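Below is my_file35.txt, holding compact mmCIF, C-alpha atoms.
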```txt
# COMPACT_ATOMS: atom_id res chain seq x y z
CA MET A 11 32.22 10.01 21.04
CA GLU A 12 29.43 7.78 22.18
CA ARG A 13 26.81 6.77 19.68
CA ASN A 14 23.57 5.07 20.35
CA PRO A 15 24.33 1.33 20.38
CA MET A 16 20.65 0.60 20.26
CA GLY A 17 20.59 2.21 16.85
CA ARG A 18 22.73 -0.54 15.44
CA GLN A 19 20.68 -3.22 17.22
CA LEU A 20 17.59 -1.71 15.70
CA ALA A 21 19.08 -1.72 12.23
CA ILE A 22 20.08 -5.36 12.62
CA MET A 23 16.62 -6.30 13.84
CA ARG A 24 15.05 -4.44 10.97
CA GLN A 25 17.31 -6.05 8.39
CA SER A 26 16.54 -9.52 9.67
CA LEU A 27 12.82 -8.93 9.15
CA PHE A 28 13.58 -8.45 5.48
CA ASP A 29 16.22 -11.17 5.21
CA GLN A 30 13.93 -13.74 6.79
CA GLY A 31 11.13 -12.83 4.42
CA TYR A 32 8.68 -11.37 6.92
CA LEU A 33 8.57 -8.00 5.22
CA ASP A 34 8.90 -6.81 1.66
CA GLU A 35 9.68 -3.46 0.07
CA GLN A 36 6.22 -2.09 0.79
CA PHE A 37 7.32 -1.72 4.41
CA ILE A 38 10.15 0.48 3.18
CA GLN A 39 7.58 2.61 1.38
CA LEU A 40 5.80 3.12 4.68
CA GLU A 41 9.06 4.14 6.31
CA GLU A 42 9.57 6.72 3.59
CA LEU A 43 6.30 8.33 4.57
CA GLN A 44 7.39 8.76 8.16
CA ASP A 45 8.63 12.26 8.83
CA ASP A 46 8.40 15.03 11.40
CA ALA A 47 4.78 15.64 10.50
CA ASN A 48 4.02 11.93 10.85
CA PRO A 49 6.64 10.56 13.23
CA ASN A 50 4.82 7.31 14.04
CA PHE A 51 3.28 6.59 10.69
CA VAL A 52 4.60 3.04 10.32
CA GLU A 53 3.50 1.93 13.75
CA GLU A 54 0.10 3.56 13.24
CA VAL A 55 -0.49 1.74 9.98
CA VAL A 56 0.59 -1.58 11.46
CA THR A 57 -1.66 -1.03 14.47
CA LEU A 58 -4.59 -0.30 12.17
CA TYR A 59 -3.77 -3.42 10.18
CA TYR A 60 -3.93 -5.70 13.20
CA ARG A 61 -7.10 -4.06 14.42
CA ASP A 62 -8.89 -4.15 11.06
CA SER A 63 -7.77 -7.60 10.06
CA ALA A 64 -8.80 -9.18 13.36
CA ARG A 65 -12.36 -8.83 12.17
CA LEU A 66 -11.58 -10.51 8.86
CA ILE A 67 -9.76 -13.36 10.57
CA LEU A 68 -12.82 -13.93 12.75
CA ASN A 69 -15.12 -13.84 9.72
CA ILE A 70 -13.01 -16.41 7.94
CA GLU A 71 -12.84 -18.61 11.02
CA GLN A 72 -16.61 -18.56 11.34
CA ALA A 73 -17.09 -19.18 7.64
CA LEU A 74 -14.80 -22.22 7.87
CA GLU A 75 -17.06 -23.64 10.56
CA ARG A 76 -20.06 -23.63 8.27
CA LYS A 77 -20.40 -26.57 5.95
CA PRO A 78 -20.44 -26.69 3.04
CA PHE A 79 -17.88 -23.94 2.55
CA ASP A 80 -19.01 -20.81 0.79
CA PHE A 81 -15.87 -20.42 -1.29
CA ASN A 82 -16.99 -17.12 -2.79
CA LYS A 83 -17.44 -15.57 0.59
CA LEU A 84 -14.16 -17.00 1.84
CA ASP A 85 -12.42 -15.60 -1.20
CA ASP A 86 -13.99 -12.19 -0.67
CA TYR A 87 -12.80 -12.02 2.92
CA MET A 88 -9.34 -13.19 1.98
CA HIS A 89 -9.17 -10.69 -0.88
CA GLN A 90 -9.68 -7.91 1.64
CA PHE A 91 -7.24 -9.45 4.08
CA LYS A 92 -4.63 -9.85 1.38
CA GLY A 93 -5.05 -6.23 0.35
CA SER A 94 -4.41 -5.04 3.88
CA SER A 95 -1.46 -7.38 4.36
CA SER A 96 -0.01 -6.20 1.11
CA SER A 97 -0.31 -2.58 2.20
CA ILE A 98 2.01 -3.10 5.12
CA GLY A 99 4.47 -5.35 3.31
CA ALA A 100 3.58 -8.51 5.25
CA LYS A 101 5.27 -10.87 2.83
CA LYS A 102 4.69 -14.31 4.35
CA VAL A 103 1.14 -13.48 5.38
CA LYS A 104 0.43 -12.27 1.88
CA ALA A 105 1.84 -15.48 0.37
CA GLU A 106 -0.48 -17.59 2.52
CA SER A 107 -3.40 -15.37 1.53
CA THR A 108 -2.63 -15.95 -2.13
CA LEU A 109 -2.48 -19.71 -1.56
CA PHE A 110 -5.76 -19.63 0.34
CA ARG A 111 -7.45 -17.83 -2.54
CA GLU A 112 -6.16 -20.41 -4.98
CA TYR A 113 -7.71 -23.14 -2.87
CA CYS A 114 -10.97 -21.18 -2.79
CA LYS A 115 -10.97 -20.92 -6.57
CA SER A 116 -10.40 -24.64 -6.94
CA GLY A 117 -12.94 -25.46 -4.23
CA ASN A 118 -10.39 -27.25 -2.07
CA GLY A 119 -11.78 -27.03 1.46
CA GLU A 120 -8.99 -28.97 3.09
CA GLY A 121 -6.41 -26.78 1.43
CA CYS A 122 -8.21 -23.70 2.73
CA THR A 123 -8.33 -24.99 6.29
CA ARG A 124 -4.69 -26.03 6.28
CA THR A 125 -3.49 -22.80 4.73
CA PHE A 126 -5.52 -20.71 7.12
CA GLN A 127 -3.82 -22.35 10.09
CA GLN A 128 -0.44 -21.53 8.61
CA LEU A 129 -1.59 -18.01 7.83
CA LYS A 130 -2.62 -17.41 11.42
CA LYS A 131 0.79 -18.59 12.59
CA GLU A 132 2.60 -16.19 10.27
CA TYR A 133 0.24 -13.38 11.21
CA ALA A 134 0.92 -13.90 14.93
CA THR A 135 4.67 -14.28 14.45
CA LEU A 136 4.86 -11.07 12.46
CA ARG A 137 2.89 -9.25 15.09
CA LYS A 138 5.32 -10.30 17.84
CA LYS A 139 8.31 -9.33 15.76
CA LEU A 140 6.90 -5.94 14.84
CA GLU A 141 5.90 -5.22 18.42
CA ALA A 142 9.45 -5.96 19.53
CA TYR A 143 10.80 -3.82 16.73
CA PHE A 144 8.65 -0.81 17.57
CA GLN A 145 9.46 -1.16 21.23
CA MET A 146 13.16 -1.11 20.47
CA ALA A 147 12.67 1.83 18.10
CA ARG A 148 11.08 3.77 20.95
CA GLN A 149 13.97 2.93 23.24
CA ALA A 150 16.56 3.78 20.65
CA GLY A 151 15.17 7.27 20.46
CA PRO A 152 13.70 9.42 17.72
CA MET A 153 16.92 9.76 15.76
CA GLU A 154 17.30 6.07 15.21
CA THR A 155 14.22 4.96 13.40
CA ALA A 156 15.77 2.43 11.03
CA CYS A 157 18.76 4.68 10.39
CA ARG A 158 17.07 5.98 7.32
CA PRO A 159 18.42 8.99 5.45
CA LYS A 160 16.24 12.05 5.83
CA GLU B 10 20.42 10.10 -2.91
CA GLY B 11 22.01 8.55 0.10
CA HIS B 12 23.56 8.99 3.45
CA ILE B 13 26.92 8.13 4.92
CA TRP B 14 28.08 8.36 8.47
CA ILE B 15 30.68 7.08 10.88
CA GLU B 16 30.11 5.45 14.24
CA SER B 17 32.73 4.97 16.85
CA GLU B 18 32.80 4.02 20.48
CA GLY B 19 35.71 6.25 21.13
CA LEU B 20 39.33 7.00 20.55
CA GLY B 21 41.36 3.96 19.69
CA LYS B 22 38.28 1.74 19.42
CA GLY B 23 38.06 1.85 15.67
CA CYS B 24 35.13 3.09 13.72
CA THR B 25 32.48 1.83 11.38
CA ALA B 26 31.55 3.65 8.23
CA ILE B 27 27.94 3.05 7.30
CA PHE B 28 26.26 4.10 4.12
CA ILE B 29 22.81 3.79 2.65
CA VAL B 30 22.40 4.14 -1.07
CA LYS B 31 19.45 4.01 -3.36
CA LEU B 32 19.79 1.47 -6.12
CA GLY B 33 17.66 1.00 -9.19
CA ILE B 34 15.29 -1.90 -9.55
CA PRO B 35 14.55 -3.34 -12.98
CA GLY B 36 11.00 -2.40 -13.85
CA ARG B 37 8.23 -4.96 -13.88
CA LEU B 38 7.50 -5.44 -17.55
CA ASN B 39 3.96 -6.72 -17.18
CA GLU B 40 2.74 -3.69 -15.36
CA SER B 41 -0.30 -1.90 -16.68
CA LYS B 42 -0.34 -1.66 -20.43
CA LEU B 43 -3.46 0.27 -21.18
CA PRO B 44 -3.99 3.12 -20.50
CA ILE B 45 -0.31 3.48 -20.00
CA MET B 46 1.04 5.16 -16.95
CA PRO B 47 4.63 5.89 -17.95
CA ARG B 48 7.28 3.86 -16.21
CA MET B 49 8.88 5.48 -13.21
CA SER B 50 10.56 8.45 -14.77
CA THR B 51 13.68 9.93 -13.26
CA ILE B 52 12.58 12.96 -11.40
CA HIS B 53 15.40 15.04 -10.09
CA GLY B 54 14.77 16.73 -6.81
CA GLN B 55 11.58 16.43 -4.89
CA ILE B 56 8.39 17.12 -6.75
CA ALA B 57 5.45 17.95 -4.60
CA PHE B 58 1.92 19.01 -5.31
CA PRO B 59 1.12 21.60 -2.68
CA GLY B 60 -2.56 21.86 -2.07
CA LEU B 61 -3.54 19.53 -4.90
CA LYS B 62 -7.01 18.34 -4.00
CA VAL B 63 -7.31 14.59 -4.35
CA LEU B 64 -10.27 12.38 -3.56
CA VAL B 65 -9.43 8.78 -2.64
CA MET B 66 -12.05 6.05 -2.79
CA ASP B 67 -11.04 2.80 -1.14
CA GLU B 68 -13.09 0.41 0.93
CA ASN B 69 -10.03 -1.04 2.64
CA GLY B 70 -9.08 0.99 5.71
CA VAL B 71 -5.42 0.06 5.77
CA SER B 72 -4.78 0.68 2.11
CA ARG B 73 -6.73 3.93 2.39
CA MET B 74 -4.47 5.10 5.22
CA VAL B 75 -1.35 4.25 3.24
CA THR B 76 -2.60 6.01 0.11
CA LYS B 77 -3.48 9.04 2.19
CA GLY B 78 -0.02 9.01 3.78
CA LEU B 79 1.56 8.91 0.34
CA LEU B 80 -0.46 11.83 -0.97
CA VAL B 81 -0.08 13.95 2.17
CA HIS B 82 3.66 13.38 1.96
CA LEU B 83 3.51 14.84 -1.54
CA GLY B 84 1.70 17.88 -0.22
CA CYS B 85 -1.78 16.98 -1.42
CA ASP B 86 -5.00 17.97 0.25
CA VAL B 87 -6.66 14.58 0.61
CA THR B 88 -10.30 13.62 1.10
CA MET B 89 -11.04 9.98 1.84
CA VAL B 90 -14.23 8.10 1.07
CA SER B 91 -14.98 4.44 1.48
CA SER B 92 -17.89 3.93 -0.84
CA SER B 93 -19.09 4.75 -4.29
CA ASP B 94 -22.10 6.68 -2.96
CA GLU B 95 -19.94 8.77 -0.71
CA CYS B 96 -17.58 9.42 -3.58
CA LEU B 97 -20.32 10.76 -5.83
CA ARG B 98 -21.73 12.85 -3.01
CA VAL B 99 -18.42 14.40 -2.12
CA VAL B 100 -16.69 14.85 -5.48
CA SER B 101 -16.60 18.41 -6.69
CA HIS B 102 -14.91 20.46 -9.38
CA GLU B 103 -12.34 21.41 -6.75
CA HIS B 104 -10.94 17.90 -6.82
CA LYS B 105 -8.25 17.64 -9.45
CA VAL B 106 -7.81 13.89 -9.15
CA VAL B 107 -9.98 11.02 -8.02
CA LEU B 108 -8.07 7.86 -7.09
CA MET B 109 -10.33 4.87 -6.91
CA ASP B 110 -9.69 1.32 -5.93
CA VAL B 111 -11.27 -0.95 -8.50
CA CYS B 112 -10.29 -4.35 -7.25
CA VAL B 113 -12.27 -4.63 -4.06
CA PRO B 114 -15.42 -6.68 -4.50
CA GLY B 115 -18.47 -4.66 -3.62
CA ILE B 116 -17.22 -1.34 -4.90
CA ASP B 117 -18.17 -0.62 -8.43
CA GLY B 118 -15.36 1.68 -9.48
CA TYR B 119 -16.33 1.52 -13.12
CA GLU B 120 -19.84 2.73 -12.56
CA THR B 121 -18.55 5.46 -10.29
CA ALA B 122 -16.21 6.63 -13.03
CA MET B 123 -19.07 6.79 -15.49
CA ARG B 124 -21.23 8.71 -13.05
CA ILE B 125 -18.41 11.19 -12.50
CA HIS B 126 -18.31 11.77 -16.23
CA GLU B 127 -22.05 12.37 -16.19
CA LYS B 128 -21.79 14.75 -13.27
CA PHE B 129 -19.17 16.95 -14.88
CA THR B 130 -20.32 17.80 -18.32
CA LYS B 131 -17.68 20.47 -18.83
CA HIS B 132 -14.49 18.57 -19.51
CA HIS B 133 -12.20 21.02 -17.77
CA GLU B 134 -14.16 20.75 -14.56
CA ARG B 135 -14.01 17.00 -14.40
CA PRO B 136 -11.38 15.57 -12.07
CA LEU B 137 -8.86 13.19 -13.55
CA ILE B 138 -9.82 9.64 -12.64
CA VAL B 139 -7.16 7.11 -11.80
CA ALA B 140 -7.79 3.45 -11.03
CA LEU B 141 -5.81 1.75 -8.30
CA THR B 142 -5.79 -1.95 -8.95
CA GLY B 143 -4.09 -5.01 -7.51
CA ASN B 144 -3.61 -6.61 -10.88
CA THR B 145 -3.50 -5.45 -14.44
CA ASP B 146 -5.20 -8.14 -16.41
CA LYS B 147 -6.49 -7.22 -19.81
CA VAL B 148 -10.12 -7.15 -18.72
CA ILE B 149 -9.46 -4.58 -16.03
CA ASN B 150 -7.41 -2.45 -18.42
CA GLU B 151 -10.15 -2.53 -21.05
CA ASN B 152 -12.89 -1.75 -18.60
CA CYS B 153 -10.97 1.21 -17.26
CA MET B 154 -10.52 2.56 -20.75
CA LYS B 155 -14.18 2.01 -21.62
CA VAL B 156 -15.47 3.94 -18.64
CA GLY B 157 -13.17 6.84 -19.34
CA MET B 158 -10.53 6.54 -16.69
CA ASP B 159 -7.45 8.62 -17.22
CA GLY B 160 -4.98 6.08 -15.95
CA ILE B 161 -4.25 2.92 -14.00
CA VAL B 162 -1.79 2.38 -11.19
CA LEU B 163 -0.79 -1.02 -9.89
CA LYS B 164 -1.00 -1.48 -6.13
CA PRO B 165 0.87 -1.30 -3.88
CA VAL B 166 1.92 2.16 -4.98
CA SER B 167 5.36 3.44 -4.15
CA LEU B 168 6.06 7.05 -3.32
CA ASP B 169 8.09 7.50 -6.49
CA LYS B 170 5.39 5.95 -8.62
CA MET B 171 2.68 8.16 -7.15
CA ARG B 172 4.86 11.18 -7.65
CA SER B 173 5.50 10.38 -11.30
CA VAL B 174 1.87 9.40 -11.96
CA LEU B 175 0.55 12.69 -10.61
CA SER B 176 3.25 14.65 -12.33
CA ASP B 177 2.54 13.12 -15.73
CA LEU B 178 -1.22 13.26 -15.35
CA LEU B 179 -1.22 16.91 -14.44
CA GLU B 180 1.25 17.77 -17.14
CA HIS B 181 -0.67 16.08 -19.90
CA GLN B 182 -4.21 16.38 -18.69
CA VAL B 183 -5.29 14.04 -21.45
CA PRO B 184 -5.91 10.30 -21.51
CA PHE B 185 -2.82 8.26 -22.21
CA GLU B 186 -2.21 6.48 -25.46
CA ALA B 187 -0.92 2.96 -25.49
CA ILE B 188 2.77 2.95 -26.22
```
Structure re-expressed in C-alpha cells:
Amino acid sequence: MERNPMGRQLAIMRQSLFDQGYLDEQFIQLEELQDDANPNFVEEVVTLYYRDSARLILNIEQALERKPFDFNKLDDYMHQFKGSSSSIGAKKVKAESTLFREYCKSGNGEGCTRTFQQLKKEYATLRKKLEAYFQMARQAGPMETACRPK
Amino acid sequence: EGHIWIESEGLGKGCTAIFIVKLGIPGRLNESKLPIMPRMSTIHGQIAFPGLKVLVMDENGVSRMVTKGLLVHLGCDVTMVSSSDECLRVVSHEHKVVLMDVCVPGIDGYETAMRIHEKFTKHHERPLIVALTGNTDKVINENCMKVGMDGIVLKPVSLDKMRSVLSDLLEHQVPFEAI
C-alpha cells in the first residue's frame, strides 16, 4: 500500500526545526490549535508575525540610526518584538531579543547594534525555513500536517 | 493520548511503525506564586467551555491571535480588544472572564482591572479578571492582587494550562489563596 512519502519528509523537516533550536514548544501549541475549523492556523499566525514584526524591525533600525540611542524606546520596541516572537515559538529570535534588551538596560549601544544584526539574520533564516516547511506541508496534502495525532 | 501507525511501501519492502506519545514535563517551580493558579492538573478527557464569553485585552496582534485561537479551540465565544479604553467600553456582565495582558508597556492593565471593579458593583455580575504576564516577579504578583485580579497566567499559555485555568476559575469563582 502506498503511503505519502512526503509525509515523512515533512516530519523530518519539522523535527529538524526543533532539533536545531529554531523553534520551541510554543510552536507545538500552535499546531495543537490547528483543526478542521482552523486548518491553516499555524501558517496564518506565522504570516501575521512576519507582517506585524516588519514594522517593529523598521522602528528599531531607525532608532539605531539616531544618536544618542534612546534605550527606553529601543527596549519598548524589542519588548513587543520579543512578545510576538515568543508567541510563535521562534526560539533563536527570542534569545537575541532577550540579549538586546539586556544591552538596552545596561546602556550598551554597541551590544545593541551587534545583537540586532544577529537577530535579523536569525529572523530571516527562520522565515525561509518556515516558508519551505509550509510549502512542503501543502504539497504533502491535508492529512500530513506534521503527522500529529488528531 | 497518542497515536500509532504503520507505513509501508509495499509487500516485501518492510514497514515502519511510528508512534507519537505525550510525555510529562516537570513543572516550572518558579511560576506564578500569588495569586496561585494551580499547577496543570490532570484533566481526563477534553474539557471545553461551550459559549463561555471571554474578553481578551492584548495590544500585541500576534499574541492576541494565539490567545484567541486557544480560547476558540476550547469552545469560547471570544471578543478581542487592543486597548484599555476599548476594554472598558466593551466589557459587559455577559463576559464571564476578562483576560488581560499586563506586561506590554503602554497598557495599564492594573488600572483597567480597578475600573472593571468599579463598573460592576454587584459581585456576581463582575467578570473574573485574569492577568496574562510574561514574567511573574513579585511586584507584578502583588500588583495583581492589590487591584483585585482573580488570577495570573504566565505567557506563553499552553492549551492545557488555559483549559485548567478556566476550569478552576469557573469552579471556584473566588480569588485564589496562596498555597
**OP:** Name the residues within 9 Å of (-17.3, 3.1, -8.6), counting all atoms listed in the file in the file's coordinates, and put them as a VMD selection string.
**Re:** chain B and resid 66 92 to 94 96 to 97 109 to 111 116 to 124
Original post:
If we count all atoms listed in the file, what is near B:His126 at a cut-off of 10 Å, once residues fewer than 6 positions away on the same chain are taken out, given as an MDAnalysis selection string?
Top reply: chainID B and resid 120 132 135:138 156:158
Original post:
What does the distance between atom CA of B:Val81 and atom CA of A:Gly93 come to in Å, to one decimal place?
Top reply: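 Atom-to-atom, atom CA of B:Val81 and atom CA of A:Gly93 are spaced 20.9 Å apart.
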Original post:
Please, which residues of chain A lie no more than 10 Å from chain B when the count uses only C-alpha atoms, and can they be set out as a PyMOL selection string?
Top reply: chain A and resi 11-15+18+35-36+38-40+42-45+47-48+51-52+54-63+85-87+89-91+93-99+157-160
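The gap separating atom CA of A:Arg111 from atom CA of A:Lys77 is 17.8 Å, in Å to one decimal.
Minimum atom-to-atom distances from A:Glu141, A:Glu75, A:Glu53, A:Asp34 to A:Cys122 were compared using only C-alpha atoms, and the lowest value belongs to A:Glu75.
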**OP:** Work out how far apart atom CA of B:Gly60 and atom CA of B:Thr88 are and give it in Å to one decimal.
**Re:** 11.7 Å
Subject >> Exercise: B:Lys105 partners within 12 Å, only C-alpha atoms, chain neighbours under 2 positions left out, as a ChimeraX atom specification >> reply: /B:58,60-65,85-88,100-103,107-108,132-139,159,175,178-179,182
Original post:
Near A:Phe79, within 9 Å and counting all atoms listed in the file, which residues show up once chain neighbours fewer than 5 positions away are dropped, as a list in words?
Top reply: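 My reading of the contact set: Ala73, Leu74, Leu84, Gly117 and Gly119 of chain A.
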Original post:
Nearest to A:Pro78 among A:Leu129, A:Leu33, A:Leu20, A:Glu120, with distances taken over all atoms listed in the file: which residue is it?
Top reply: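 Of the candidates, the smallest distance to A:Pro78 is held by A:Glu120.
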Original post:
From the list B:Ala26, B:Leu163, B:Thr130, B:Ser91, which residue is nearest B:Asn144 when using only C-alpha atoms?
Top reply: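 So, comparing all the options, the nearest one is B:Leu163.
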